[in-house]
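Note: the block below is protein06.txt and it holds compact mmCIF, C-alpha atoms.
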```txt
# COMPACT_ATOMS: atom_id res chain seq x y z
CA MET A 294 23.56 -11.91 -0.82
CA PRO A 295 21.44 -12.67 2.26
CA GLY A 296 18.34 -14.78 1.74
CA TYR A 297 14.89 -15.00 3.23
CA ARG A 298 16.11 -17.34 5.95
CA GLU A 299 18.20 -14.51 7.36
CA LEU A 300 15.03 -12.41 7.52
CA ALA A 301 13.22 -15.14 9.42
CA ARG A 302 16.01 -15.23 11.99
CA ASP A 303 15.73 -11.50 12.72
CA ARG A 304 13.64 -11.08 15.88
CA GLU A 305 12.59 -7.50 15.16
CA PHE A 306 11.54 -8.26 11.61
CA ARG A 307 9.56 -11.29 12.74
CA ALA A 308 7.64 -9.05 15.15
CA LEU A 309 6.97 -6.46 12.45
CA PHE A 310 5.89 -9.20 10.05
CA VAL A 311 3.41 -10.87 12.40
CA ALA A 312 2.07 -7.54 13.69
CA HIS A 313 1.52 -6.38 10.11
CA VAL A 314 -0.25 -9.59 9.08
CA VAL A 315 -2.71 -9.60 11.98
CA SER A 316 -3.52 -5.89 11.70
CA VAL A 317 -4.05 -6.00 7.90
CA ALA A 318 -6.29 -9.05 8.22
CA GLY A 319 -8.15 -7.34 11.06
CA ASP A 320 -8.73 -4.29 8.87
CA GLN A 321 -10.52 -6.46 6.35
CA PHE A 322 -12.62 -7.95 9.17
CA ALA A 323 -13.81 -4.44 9.98
CA ARG A 324 -14.55 -3.51 6.38
CA VAL A 325 -16.73 -6.58 5.88
CA ALA A 326 -18.43 -6.20 9.26
CA LEU A 327 -19.24 -2.53 8.77
CA THR A 328 -20.64 -2.88 5.28
CA VAL A 329 -22.86 -5.76 6.42
CA HIS A 330 -23.86 -3.84 9.56
CA VAL A 331 -24.81 -0.69 7.64
CA TYR A 332 -26.74 -2.58 4.98
CA ASP A 333 -28.62 -4.60 7.61
CA ARG A 334 -29.70 -1.40 9.35
CA THR A 335 -30.47 0.76 6.31
CA ALA A 336 -31.04 -1.57 3.32
CA SER A 337 -29.33 1.21 1.35
CA ALA A 338 -26.69 0.27 -1.22
CA GLY A 339 -25.62 3.93 -1.38
CA LEU A 340 -24.94 4.23 2.34
CA THR A 341 -23.19 0.87 2.30
CA ALA A 342 -20.89 2.00 -0.52
CA LEU A 343 -20.25 5.29 1.29
CA THR A 344 -19.25 3.38 4.42
CA TYR A 345 -16.79 1.29 2.41
CA ALA A 346 -15.37 4.44 0.80
CA LEU A 347 -14.80 5.94 4.23
CA THR A 348 -12.29 3.16 4.94
CA PHE A 349 -10.05 4.56 2.17
CA LEU A 350 -10.68 8.29 1.82
CA PRO A 351 -9.12 9.44 5.14
CA ASP A 352 -5.75 8.13 3.92
CA LEU A 353 -5.64 11.00 1.43
CA VAL A 354 -5.76 13.53 4.26
CA GLY A 355 -4.14 11.52 7.03
CA GLY A 356 -1.05 10.79 4.92
CA PRO A 357 0.13 14.40 4.62
CA LEU A 358 -1.14 15.62 8.00
CA LEU A 359 -0.32 12.78 10.38
CA SER A 360 2.65 10.94 8.85
CA GLY A 361 4.95 13.60 10.31
CA LEU A 362 4.30 12.17 13.78
CA ALA A 363 6.71 9.40 12.81
CA ASP A 364 9.45 12.06 12.62
CA ARG A 365 8.55 13.83 15.88
CA PHE A 366 8.42 10.88 18.25
CA ALA A 367 10.10 7.50 18.66
CA ARG A 368 8.68 5.37 15.88
CA LYS A 369 8.10 2.34 18.07
CA GLU A 370 5.97 4.49 20.38
CA VAL A 371 4.04 5.92 17.43
CA MET A 372 3.20 2.43 16.19
CA VAL A 373 2.09 1.21 19.62
CA ALA A 374 0.01 4.32 20.27
CA ALA A 375 -1.68 4.12 16.85
CA ASP A 376 -2.55 0.46 17.36
CA LEU A 377 -4.01 1.09 20.82
CA VAL A 378 -6.03 4.06 19.60
CA ARG A 379 -7.50 1.96 16.81
CA ALA A 380 -8.29 -0.89 19.22
CA VAL A 381 -10.20 1.44 21.56
CA LEU A 382 -12.12 3.10 18.73
CA LEU A 383 -13.16 -0.28 17.32
CA LEU A 384 -14.45 -1.36 20.72
CA PHE A 385 -16.65 1.74 20.79
CA MET A 386 -17.87 0.90 17.28
CA ALA A 387 -18.93 -2.54 18.49
CA VAL A 388 -21.32 -1.05 21.07
CA PRO A 389 -24.87 -2.19 20.13
CA GLY A 390 -27.18 0.53 18.85
CA MET A 391 -24.38 2.97 17.97
CA PRO A 392 -25.86 5.67 15.67
CA LEU A 393 -24.68 5.47 12.07
CA SER A 394 -23.28 8.99 12.21
CA ALA A 395 -21.16 8.01 15.22
CA LEU A 396 -20.03 4.84 13.46
CA ALA A 397 -18.94 6.85 10.43
CA ALA A 398 -17.04 9.34 12.60
CA LEU A 399 -15.28 6.56 14.53
CA LEU A 400 -14.42 4.80 11.28
CA VAL A 401 -12.76 7.94 9.94
CA LEU A 402 -10.73 8.27 13.16
CA VAL A 403 -9.63 4.64 12.88
CA GLN A 404 -8.33 5.26 9.38
CA PHE A 405 -6.63 8.49 10.42
CA ALA A 406 -4.74 6.59 13.11
CA GLY A 407 -3.41 4.23 10.47
CA ALA A 408 -1.44 6.97 8.68
CA PRO A 409 1.24 7.58 11.34
CA HIS A 410 1.49 3.83 11.97
CA GLY A 411 2.27 3.10 8.32
CA ALA A 412 4.74 5.97 8.09
CA ALA A 413 6.50 4.89 11.28
CA ARG A 414 6.78 1.28 10.08
CA ALA A 415 8.16 2.36 6.68
CA ALA A 416 10.68 4.70 8.32
CA LEU A 417 11.72 2.10 10.90
CA LEU A 418 12.26 -0.80 8.50
CA PRO A 419 15.60 0.52 7.11
CA GLN A 420 16.86 0.67 10.72
CA VAL A 421 15.71 -2.86 11.44
CA LEU A 422 17.21 -4.09 8.15
CA PRO A 423 20.08 -1.68 7.38
CA ASP A 424 21.77 -3.91 4.78
CA GLU A 425 20.88 -5.91 1.66
CA ARG A 426 17.99 -7.51 3.54
CA TYR A 427 15.95 -4.30 3.37
CA PRO A 428 14.47 -4.73 -0.15
CA MET A 429 13.73 -8.39 0.66
CA GLY A 430 11.98 -7.36 3.86
CA GLN A 431 9.97 -4.77 1.97
CA ALA A 432 9.05 -7.40 -0.62
CA VAL A 433 7.87 -9.81 2.06
CA LEU A 434 5.74 -7.15 3.76
CA SER A 435 4.25 -5.98 0.45
CA THR A 436 3.46 -9.55 -0.60
CA VAL A 437 1.94 -10.54 2.71
CA THR A 438 -0.21 -7.39 2.65
CA GLN A 439 -2.01 -8.67 -0.44
CA ALA A 440 -2.33 -12.19 0.97
CA ALA A 441 -3.60 -10.91 4.32
CA GLN A 442 -6.16 -8.70 2.57
CA VAL A 443 -7.58 -11.63 0.63
CA ALA A 444 -7.55 -13.92 3.68
CA GLY A 445 -9.06 -11.17 5.82
CA PHE A 446 -11.93 -10.58 3.42
CA LEU A 447 -12.72 -14.30 3.16
CA THR A 448 -12.38 -14.94 6.89
CA GLY A 449 -14.20 -11.74 7.77
CA GLY A 450 -17.18 -12.73 5.66
CA ALA A 451 -17.36 -16.13 7.33
CA LEU A 452 -17.03 -14.59 10.79
CA VAL A 453 -19.75 -12.02 10.14
CA ALA A 454 -22.08 -14.78 8.94
CA TRP A 455 -21.31 -16.81 12.06
CA LEU A 456 -21.01 -14.22 14.83
CA GLY A 457 -22.50 -11.02 13.48
CA PRO A 458 -20.81 -7.61 12.91
CA GLY A 459 -20.33 -6.61 16.57
CA PRO A 460 -18.10 -9.52 17.65
CA VAL A 461 -16.08 -9.18 14.43
CA LEU A 462 -15.34 -5.53 15.26
CA VAL A 463 -14.18 -6.71 18.68
CA ALA A 464 -11.97 -9.28 16.93
CA ASP A 465 -10.45 -6.46 14.86
CA ALA A 466 -9.72 -4.53 18.05
CA VAL A 467 -7.95 -7.61 19.40
CA THR A 468 -5.74 -7.80 16.29
CA PHE A 469 -4.55 -4.25 16.90
CA GLY A 470 -3.92 -5.09 20.54
CA VAL A 471 -1.80 -8.05 19.48
CA SER A 472 0.08 -5.86 17.00
CA ALA A 473 0.81 -3.27 19.71
CA LEU A 474 2.04 -5.96 22.11
CA LEU A 475 4.40 -7.49 19.54
CA VAL A 476 5.89 -4.13 18.64
CA LEU A 477 6.23 -3.11 22.29
CA VAL A 478 7.92 -6.33 23.40
CA PHE A 479 10.14 -7.30 20.48
CA LEU A 480 11.26 -4.04 18.83
CA LEU A 481 14.29 -2.26 20.24
CA ASP A 482 13.85 1.14 21.84
CA ARG A 483 15.17 3.81 19.50
CA PRO A 484 15.09 7.56 20.13
CA ALA A 485 13.06 9.98 18.06
CA PRO A 486 14.77 11.03 14.82
CA ARG A 487 17.15 13.91 15.15
CA GLY A 488 17.75 16.46 12.48
CA PRO A 489 17.41 20.10 11.54
CA ARG A 490 13.72 20.56 10.97
CA VAL A 491 10.98 22.95 11.96
CA ARG A 492 9.01 21.61 14.91
CA ALA A 493 5.78 23.40 14.02
CA TRP A 494 3.35 21.07 12.31
CA PRO A 495 2.75 23.24 9.19
CA GLY A 496 6.47 23.71 8.86
CA ASP A 497 7.08 19.97 8.90
CA LEU A 498 4.40 19.46 6.24
CA VAL A 499 5.75 22.20 3.98
CA GLY A 500 9.31 21.03 4.53
CA GLY A 501 8.39 17.45 3.59
CA ALA A 502 6.59 18.65 0.46
CA ARG A 503 9.58 20.74 -0.57
CA LEU A 504 11.89 17.79 -0.04
CA VAL A 505 9.83 15.39 -2.16
CA TRP A 506 8.77 17.73 -4.95
CA GLY A 507 11.99 19.74 -4.96
CA ASP A 508 14.31 16.76 -5.44
CA ARG A 509 14.30 15.51 -9.04
CA GLN A 510 15.28 11.98 -8.06
CA LEU A 511 12.50 11.66 -5.46
CA ARG A 512 10.04 13.28 -7.86
CA ALA A 513 10.96 10.76 -10.56
CA LEU A 514 10.47 7.86 -8.14
CA VAL A 515 7.03 9.17 -7.16
CA ALA A 516 6.17 9.52 -10.86
CA LEU A 517 7.17 5.89 -11.47
CA ALA A 518 5.03 4.81 -8.52
CA CYS A 519 2.03 6.76 -9.83
CA VAL A 520 2.06 4.72 -13.04
CA SER A 521 -0.06 2.30 -11.01
CA GLY A 522 -2.97 4.68 -11.62
CA PHE A 523 -3.03 3.36 -15.20
CA TYR A 524 -2.53 -0.38 -14.94
CA ILE A 525 -4.94 -0.58 -11.98
CA ALA A 526 -7.79 0.04 -14.47
CA ALA A 527 -7.85 -3.66 -15.35
CA GLU A 528 -8.52 -4.60 -11.73
CA ALA A 529 -11.11 -1.85 -11.34
CA LEU A 530 -13.02 -3.29 -14.31
CA ALA A 531 -12.68 -6.93 -13.26
CA ALA A 532 -16.43 -7.55 -13.00
CA PRO A 533 -17.45 -6.04 -16.38
CA LEU A 534 -14.40 -7.64 -18.01
CA ALA A 535 -15.46 -11.07 -16.76
CA ALA A 536 -18.99 -10.45 -18.06
CA ARG A 537 -17.61 -9.34 -21.44
CA LEU A 538 -15.65 -12.58 -21.63
CA GLY A 539 -18.78 -14.57 -20.88
CA ALA A 540 -17.40 -15.82 -17.58
CA GLY A 541 -19.07 -15.96 -14.18
CA PRO A 542 -18.21 -14.53 -10.75
CA ALA A 543 -15.34 -17.00 -10.39
CA ALA A 544 -13.55 -15.17 -13.20
CA VAL A 545 -13.68 -11.94 -11.20
CA GLY A 546 -11.82 -13.65 -8.39
CA ALA A 547 -9.40 -15.13 -10.91
CA ILE A 548 -8.64 -11.66 -12.31
CA PHE A 549 -7.89 -10.23 -8.87
CA GLY A 550 -5.98 -13.34 -7.91
CA VAL A 551 -3.74 -13.49 -10.97
CA VAL A 552 -2.79 -9.82 -10.63
CA SER A 553 -1.97 -10.24 -6.94
CA ALA A 554 -0.04 -13.44 -7.59
CA GLY A 555 1.92 -11.82 -10.41
CA THR A 556 2.76 -8.83 -8.25
CA ALA A 557 3.88 -11.05 -5.39
CA VAL A 558 6.12 -13.14 -7.64
CA GLY A 559 7.57 -10.04 -9.30
CA MET A 560 8.43 -8.44 -5.97
CA LEU A 561 9.97 -11.58 -4.50
CA VAL A 562 12.12 -12.10 -7.60
CA LEU A 563 13.22 -8.46 -7.86
CA ALA A 564 14.14 -8.42 -4.17
CA ARG A 565 16.90 -10.94 -4.99
CA VAL A 566 18.18 -9.11 -8.08
CA PRO A 567 21.51 -7.33 -7.53
CA ARG A 568 21.32 -3.57 -7.17
CA ALA A 569 22.78 -2.49 -10.54
CA PRO A 570 20.55 -4.54 -12.87
CA GLY A 571 17.55 -3.82 -10.64
CA LEU A 572 18.00 -0.09 -11.16
CA ARG A 573 18.35 -0.59 -14.91
CA TRP A 574 15.22 -2.73 -15.12
CA MET A 575 13.02 -0.59 -12.91
CA PRO A 576 11.99 2.09 -15.47
CA TRP A 577 11.53 -0.49 -18.24
CA LEU A 578 9.32 -2.62 -16.01
CA ALA A 579 7.16 0.44 -15.34
CA VAL A 580 6.60 0.76 -19.10
CA VAL A 581 5.95 -2.98 -19.49
CA SER A 582 3.38 -2.99 -16.67
CA CYS A 583 1.12 -0.92 -18.93
CA ALA A 584 2.31 -1.90 -22.41
CA VAL A 585 1.60 -5.59 -21.86
CA LEU A 586 -2.11 -4.74 -21.53
CA LEU A 587 -2.35 -3.17 -25.01
CA PRO A 588 -3.43 -6.49 -26.65
CA MET A 589 -6.59 -6.31 -24.52
CA ALA A 590 -7.91 -4.13 -27.37
CA PHE A 591 -8.39 -7.34 -29.39
CA SER A 592 -10.62 -8.87 -26.69
CA PRO A 593 -8.61 -12.04 -26.08
CA GLY A 594 -10.33 -14.90 -24.30
CA LEU A 595 -10.26 -15.45 -20.57
CA ALA A 596 -7.09 -17.53 -20.57
CA TRP A 597 -5.03 -15.00 -22.54
CA SER A 598 -6.52 -12.11 -20.58
CA LEU A 599 -5.35 -13.74 -17.37
CA VAL A 600 -1.88 -14.23 -18.86
CA LEU A 601 -1.66 -10.53 -19.80
CA LEU A 602 -2.93 -9.44 -16.40
CA GLY A 603 -0.49 -11.73 -14.63
CA LEU A 604 2.42 -10.34 -16.67
CA SER A 605 1.31 -6.79 -15.86
CA GLY A 606 1.18 -7.70 -12.17
CA ALA A 607 4.67 -9.24 -12.33
CA ALA A 608 6.09 -6.16 -14.04
CA SER A 609 4.46 -3.95 -11.42
CA GLY A 610 6.83 -5.54 -8.92
CA TYR A 611 9.14 -2.66 -9.88
CA GLN A 612 7.19 -0.72 -7.24
CA LEU A 613 9.26 -2.55 -4.64
CA LEU A 614 12.48 -1.09 -6.05
CA ALA A 615 10.98 2.39 -6.31
CA ASN A 616 9.70 2.20 -2.73
CA ALA A 617 13.02 0.97 -1.36
CA LEU A 618 14.99 3.65 -3.19
CA PHE A 619 12.60 6.39 -2.09
CA VAL A 620 12.74 5.46 1.58
CA ARG A 621 16.53 5.07 1.58
CA SER A 622 17.01 8.36 -0.30
CA VAL A 623 15.14 10.46 2.27
CA PRO A 624 16.93 11.66 5.43
CA ASP A 625 15.84 9.72 8.49
CA ALA A 626 14.63 12.88 10.23
CA THR A 627 11.96 13.52 7.57
CA ARG A 628 11.35 9.96 6.33
CA GLY A 629 7.89 9.55 7.84
CA GLN A 630 6.51 12.80 6.43
CA ALA A 631 8.01 12.17 3.00
CA PHE A 632 6.61 8.64 2.92
CA GLY A 633 3.13 9.92 3.81
CA LEU A 634 3.20 12.45 0.99
CA ALA A 635 4.36 9.85 -1.52
CA VAL A 636 1.62 7.42 -0.45
CA THR A 637 -0.95 10.19 -0.85
CA ALA A 638 0.23 10.85 -4.42
CA LEU A 639 0.01 7.12 -5.12
CA ARG A 640 -3.52 6.85 -3.72
CA VAL A 641 -4.69 9.90 -5.67
CA SER A 642 -3.33 8.48 -8.93
CA GLN A 643 -5.03 5.15 -8.27
CA GLY A 644 -8.30 6.82 -7.34
CA LEU A 645 -8.28 8.92 -10.48
CA GLY A 646 -7.42 5.90 -12.60
CA ILE A 647 -10.26 3.84 -11.14
CA ALA A 648 -12.73 6.71 -11.57
CA ALA A 649 -11.67 7.33 -15.16
CA ALA A 650 -11.87 3.64 -16.03
CA GLY A 651 -15.31 3.32 -14.50
CA ALA A 652 -16.64 6.39 -16.29
CA ALA A 653 -15.20 5.37 -19.66
CA ALA A 654 -16.58 1.84 -19.36
CA HIS A 655 -20.10 3.31 -19.36
CA TRP A 656 -19.58 4.46 -22.94
CA TRP A 657 -17.08 2.09 -24.54
CA PRO A 658 -16.41 -1.66 -24.45
CA VAL A 659 -14.44 -2.59 -21.37
CA HIS A 660 -11.55 -4.23 -23.23
CA HIS A 661 -11.10 -1.08 -25.33
CA VAL A 662 -11.07 1.04 -22.18
CA ILE A 663 -8.39 -1.12 -20.56
CA ALA A 664 -6.24 -0.96 -23.69
CA ALA A 665 -6.73 2.80 -24.11
CA ILE A 666 -5.77 3.52 -20.49
CA ALA A 667 -2.84 1.13 -20.86
CA GLY A 668 -1.73 3.15 -23.89
CA LEU A 669 -1.86 6.38 -21.92
CA GLY A 670 -0.01 4.64 -19.09
CA THR A 671 2.69 3.45 -21.46
CA VAL A 672 3.32 7.02 -22.56
CA ALA A 673 3.27 8.30 -18.97
CA ALA A 674 5.58 5.49 -17.81
CA ALA A 675 7.99 6.24 -20.66
CA GLY A 676 8.09 9.87 -19.56
CA ALA A 677 8.72 8.90 -15.94
CA ALA A 678 11.37 6.41 -17.06
CA TRP A 679 13.10 9.07 -19.15
CA GLU A 680 13.14 11.45 -16.18
CA TRP A 681 14.51 8.73 -13.93
CA ARG A 682 17.31 7.87 -16.35
CA LYS A 683 18.38 11.54 -16.34
CA VAL A 684 18.62 11.77 -12.55
CA SER A 685 19.61 8.24 -11.51
CA ARG A 686 23.36 8.60 -11.70
CA SER A 687 23.65 8.93 -7.94
CA VAL A 688 21.43 6.59 -5.94
CA PRO A 689 21.79 5.23 -2.40
CA GLN A 690 23.05 1.74 -1.68
CA PHE A 691 20.44 -0.80 -0.54
```
Please express what this file holds, its structure, as structure tokens.
Amino acid sequence: MPGYRELARDREFRALFVAHVVSVAGDQFARVALTVHVYDRTASAGLTALTYALTFLPDLVGGPLLSGLADRFARKEVMVAADLVRAVLLLFMAVPGMPLSALAALLVLVQFAGAPHGAARAALLPQVLPDERYPMGQAVLSTVTQAAQVAGFLTGGALVAWLGPGPVLVADAVTFGVSALLVLVFLLDRPAPRGPRVRAWPGDLVGGARLVWGDRQLRALVALACVSGFYIAAEALAAPLAARLGAGPAAVGAIFGVVSAGTAVGMLVLARVPRAPGLRWMPWLAVVSCAVLLPMAFSPGLAWSLVLLGLSGAASGYQLLANALFVRSVPDATRGQAFGLAVTALRVSQGLGIAAAGAAAHWWPVHHVIAAIAGLGTVAAAGAAWEWRKVSRSVPQF
């Protein structure tokens, strides 16, 4: 089985990897810069939180509506165009004295432009890595996304303190310019996907929805992915959990860090597991990702809590297998649209899980809330696993 060295030797994958790292880190630059910028100008925690929310909410609409662009045009061109659009919009945002309403509108447009870029990259990766390297490549990109987010937040905060919000927004624009250049120069030119599909935009959207929700295997994979809406509750309650355990702010970072580290390790390990056992383990790991958090009901100390959270993160590495199977199971001609719809379902489940955890923690002890949501997640994951086992007799090769 090919290893990670073979990935590093692939010129196209190296370009995708570096472009992804710089653009993800740049996104975090912008989030930090904008929240600081808005708070400095308004001194309003509410407006600051709303600004931060605007960096996520457009994905819920942009996923279904704009991901289909990755199926209408050459995916390399979609990625380059999306990066350039985001770079230009960020330069406008950096203009001194820009009204807050204009900043909010530009921010929404920046996030909208990210939807077709992500769909095009996801649809293109199986063409760049058409063999056993594909799940490893997906694992590397998923892992580096988490690392780049953490590094981007830390570096962005330092840069804002040093330079101010405006120059940091310009720096974010530069990262998208670099990403566009890498994709343009190093990725091969491939034609737009060909296939029998309706060219009208509503028809593409409806057709993609019918494909995803009408296919039991794809529906089961989306259900397994949406289990994340349950185990994410522990991360959402990191701050109150740390306070409950009598720990300081460092414990909050430790909670986020151990989950991310566990997820990264789980994905990298599962990427090397042969196909047959990986498919057998996937539904069980979905159940374990929630079930391992049930002992949180007994309010274990910080050390044991971190162990449980790390194990949950490692088990959640099954998402890599679900993602790889989903993308490879969808026809190339509709891959971008289908991916956008699946990501939207994932984001909705996570948003609902975070909201439910936050609301429940106002009334009940945080460790009981985490355990209760983990219990519900265990039941939901078992249902999704049962559905997957019924429809998984015919799955695509990696």
Would you please work out which residue, of A:Leu595, A:Arg368, A:Cys519, A:Ser609, is nearest to Ser582 (chain A) when using all atoms listed in the file? A:Ser609
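When only C-alpha atoms are used to measure the gap to Thr556 (chain A), the shortest distance among A:Val329, A:Gly539, A:Gln612, A:Glu680 belongs to A:Gln612.
Distances here use all atoms listed in the file; by that measure, the residue among A:Leu384, A:Ala532, A:Ala557, A:Ala579 closest to Trp679 (chain A) is A:Ala579.
Between CA of Pro593 (chain A) and CA of Leu669 (chain A) there is a distance of 20.1 Å.
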Quick one: residues within 10 Å of Val515 (chain A), all atoms listed in the file counted, chain neighbours fewer than 4 positions away excluded, as an mmCIF file with C-alpha atoms, in the coordinates of the input?
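Generated file (around.cif):
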```cif
data_model
loop_
_atom_site.group_PDB
_atom_site.id
_atom_site.type_symbol
_atom_site.label_atom_id
_atom_site.label_comp_id
_atom_site.auth_asym_id
_atom_site.auth_seq_id
_atom_site.Cartn_x
_atom_site.Cartn_y
_atom_site.Cartn_z
ATOM 1 C CA VAL A 505 9.830 15.390 -2.160
ATOM 2 C CA TRP A 506 8.770 17.730 -4.950
ATOM 3 C CA ARG A 509 14.300 15.510 -9.040
ATOM 4 C CA GLN A 510 15.280 11.980 -8.060
ATOM 5 C CA LEU A 511 12.500 11.660 -5.460
ATOM 6 C CA CYS A 519 2.030 6.760 -9.830
ATOM 7 C CA VAL A 520 2.060 4.720 -13.040
ATOM 8 C CA GLN A 612 7.190 -0.720 -7.240
ATOM 9 C CA ALA A 615 10.980 2.390 -6.310
ATOM 10 C CA ASN A 616 9.700 2.200 -2.730
ATOM 11 C CA PHE A 619 12.600 6.390 -2.090
ATOM 12 C CA LEU A 634 3.200 12.450 0.990
ATOM 13 C CA ALA A 635 4.360 9.850 -1.520
ATOM 14 C CA VAL A 636 1.620 7.420 -0.450
ATOM 15 C CA ALA A 638 0.230 10.850 -4.420
ATOM 16 C CA LEU A 639 0.010 7.120 -5.120
ATOM 17 C CA ALA A 677 8.720 8.900 -15.940
#
```
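In terms of minimum interatomic distance to Leu517 (chain A), A:Ala675 ranks closest within A:Val551, A:Ala675, A:Met372, A:Val331, counting only C-alpha atoms.
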Hey, can you check how far CA of Phe310 (chain A) sits from CA of Ala374 (chain A)? 17.9 Å
Counting all atoms listed in the file, which of A:Ala308, A:Val552, A:Leu456, A:Leu618 gets nearest to Ser598 (chain A)? A:Val552
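Here CA of Val381 (chain A) and CA of Gly407 (chain A) stand 13.3 Å from one another.
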Report as a ChimeraX atom specification all protein, DNA and RNA residues lying within 12 Å of Phe306 (chain A), evaluated on only C-alpha atoms, omitting residues in the same chain fewer than 3 positions from it. /A:297-303,309-313,414,417-423,426-427,429-431,433-434,475-476,479-481
Distance criterion (only C-alpha atoms): nearest to Pro658 (chain A) out of A:Val580, A:Val437, A:Leu538, A:Leu514: A:Leu538
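Residues near the point (-22.9, -7.6, 9.6), at a distance of 7 Å or less over only C-alpha atoms, make up Ala326, Leu327, Thr328, Val329, His330, Asp333, Val453, Gly457 and Pro458 of chain A.
The residue set within 10 Å of Trp574 (chain A), counting only C-alpha atoms and dropping same-chain residues fewer than 6 places from it, reads Leu563, Val566, Ala608, Tyr611 and Leu614 of chain A.
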Can you pull out every residue within 8 Å of Ala529 (chain A), counting only C-alpha atoms, but drop anything in the same chain fewer than 5 positions away, and send it as number ranges by chain? A: 647, 650-651
